[in-house]
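Enquirer: Starting off with a structure, shown below.
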Amino acid sequence: MKIETFNFSVRTAKREEFIDITDEVLEFVKKSSIDTGWVKIFVPHTTAAITINENADVDVQRDIIKILSTLIPKAHYAHAEGNSDAHAKSTIIGCQLDILIENKVVMLGQWQGIYLCEFDGPRTRRVDLMIVGNA
Amino acid sequence: MKIETFNFSVRTAKREEFIDITDEVLEFVKKSSIDTGWVKIFVPHTTAAITINENADVDVQRDIIKILSTLIPKAHYAHAEGNSDAHAKSTIIGCQLDILIENKVVMLGQWQGIYLCEFDGPRTRRVDLMIVGNA
Amino acid sequence: MKIETFNFSVRTAKREEFIDITDEVLEFVKKSSIDTGWVKIFVPHTTAAITINENADVDVQRDIIKILSTLIPKAHYAHAEGNSDAHAKSTIIGCQLDILIENKVVMLGQWQGIYLCEFDGPRTRRVDLMIVGNA
């Protein structure tokens, strides 16, 4: 089993937005020596998240942000920083996921892209990647 | 480390339903040569998801669908296809997860079953499995 | 590739609370022989979950519990046990996740802690850990 690691930073521009990081992940897999295995993605933040969703119409990402913000508005909770809505969204979406690789192909579906979810930006966010498998 | 892959299709019958795929996963693990490791499940769709929840009373799955539909009704959002509710549910539940295997036993809890979550059916959905570990 | 397993129990005290299990996970990684890889965490329950969120201000965890309870109140649904809210929260948060390990360092962010989420306590909950990687 081979393990290769990589990380990169993303600068977000708004309080809430989804940033497409599919190309960064695909490039890392392409450069690696792994033929079959999986790539692990981890976001080391508590007001951001990682998800997979539609890559074709940017309105889908905007709608998801709007749906989440309607459910969990920025409001006054106990936490003094005032960003508990962002913490809740991070826990609901999650900060890590894996994507399968078979014969050098990242097994995303036709409409799937990979998105860093910013819920309390603008900030600089880090994305940790680990690719694992057989060469 | 050994890696084995498999995939199968599921035909859903309703717009929203949970399909029990526990048997398919257990069978794949049983046929494999892996003794200790884990099975990875990935759904390559953006309006479906994968979850683990109660296997005893089908009302639990119906209640979860009802709770999600009450929170996120099918409504008019920016995305022209009109299924942004399904995309949001897919991102909230997630499209992938892993289950541990120890000494040929899939380490699900007593009440845990594995469910494909359909949020925009009826459709044909694909489930990708990868089993990894030591023989 | 080396695989090591461990499990421990947590006794919860309230119907809904987050229990910090970061130390238990870090200790297991420290005792293991793995240098680079990841630790898998799995909760074999259908009314509990596992998440990563802020480790500094306990108000964040309380706010997340409050946000979830406001969205999904304990109410009468079809499931006769009356705890469908807890099942829904379990499916929304998820019962498993992985954390990366590089050179013996668990790659959590500065503000990230690991929490068992109890949604239908008090109960005794089990946490399964599997550490995987190269020694």
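Ordering of the structure tokens sets the chain letters (A, B, ...); residue numbers start at 1 within each chain; ligands are numbered from 1 in the order shown.
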Near chain B, which residues of chain C fall within 8 Å when you count only C-alpha atoms, and what do they look like as a ChimeraX atom specification?
Expert: /C:1,3,42,44-46,71-72,77-79,84-85,87-88,90-97,130
Enquirer: Just C-alpha atoms for this one: save the residues we selected as a PDB file, in the first residue's frame.
Expert:
```
ATOM      1  CA  MET C   1      -0.338  -2.012   5.727  1.00  0.00           C
ATOM      2  CA  ILE C   3      -4.540  -2.513  10.944  1.00  0.00           C
ATOM      3  CA  PHE C  42     -17.578   4.211  13.864  1.00  0.00           C
ATOM      4  CA  PRO C  44     -22.753   1.280  15.979  1.00  0.00           C
ATOM      5  CA  HIS C  45     -25.951   3.072  17.021  1.00  0.00           C
ATOM      6  CA  THR C  46     -28.928   4.603  15.216  1.00  0.00           C
ATOM      7  CA  LEU C  71     -35.328  22.116  13.576  1.00  0.00           C
ATOM      8  CA  ILE C  72     -36.302  18.573  14.573  1.00  0.00           C
ATOM      9  CA  TYR C  77     -44.116  10.470  14.336  1.00  0.00           C
ATOM     10  CA  ALA C  78     -45.135   7.035  13.065  1.00  0.00           C
ATOM     11  CA  HIS C  79     -42.341   5.129  14.852  1.00  0.00           C
ATOM     12  CA  SER C  84     -37.636   9.448  15.359  1.00  0.00           C
ATOM     13  CA  ASP C  85     -36.121  12.898  15.928  1.00  0.00           C
ATOM     14  CA  HIS C  87     -32.889   8.759  14.287  1.00  0.00           C
ATOM     15  CA  ALA C  88     -33.112  11.713  11.885  1.00  0.00           C
ATOM     16  CA  SER C  90     -28.149  10.445  13.578  1.00  0.00           C
ATOM     17  CA  THR C  91     -28.587  10.146   9.826  1.00  0.00           C
ATOM     18  CA  ILE C  92     -27.964  13.866   9.261  1.00  0.00           C
ATOM     19  CA  ILE C  93     -24.705  13.935  11.272  1.00  0.00           C
ATOM     20  CA  GLY C  94     -23.536  10.427  10.383  1.00  0.00           C
ATOM     21  CA  CYS C  95     -22.126   7.522  12.366  1.00  0.00           C
ATOM     22  CA  GLN C  96     -18.584   7.325  10.975  1.00  0.00           C
ATOM     23  CA  LEU C  97     -15.591   9.413   9.885  1.00  0.00           C
ATOM     24  CA  MET C 130      -9.595   1.227  13.587  1.00  0.00           C
TER      25      MET C 130
END
```
Enquirer: Residues at most 8 Å from Glu16 (chain A), counting only C-alpha atoms, excluding those fewer than 2 positions away in the same chain, as a ChimeraX atom specification?
Expert: /A:14,18,65,117-121
Enquirer: With only C-alpha atoms as the basis for distance, which of C:Ala56, C:Ala86, C:Glu4, C:Ala75 is at the shortest distance from Asp20 (chain C)?
Expert: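 The answer is C:Ala56, which sits nearest to Asp20 (chain C).
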Enquirer: Looking only at strand (DSSP E or B) from DSSP on the backbone, list the matching residues of region 50-133 of chain C as a PyMOL selection string.
Expert: chain C and resi 50-54+96-102+105-106+112-118+124-133
Enquirer: Please extract the residues of chain A with a backbone DSSP assignment of helix (DSSP H, G or I) and present them as a ChimeraX atom specification.
Expert: /A:22-31,58-71,84-93
Enquirer: Which residues, written as a list of chain:residue names, have at least one atom at most 8 Å from Val25 (chain C), with only C-alpha atoms counted and residues fewer than 4 positions away on the same chain left out?
Expert: C:Ile21, C:Val29, C:Leu129
Enquirer: So how far away is CA of Val132 (chain C) from CA of Asn7 (chain C), in Å?
Expert: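 CA of Asn7 (chain C) sits 14.7 Å away from CA of Val132 (chain C).
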Enquirer: What lies within 9 Å of Thr22 (chain C) using only C-alpha atoms, ignoring chain neighbours under 5 positions off, as a PyMOL selection string?
Expert: chain C and resi 27+113-115
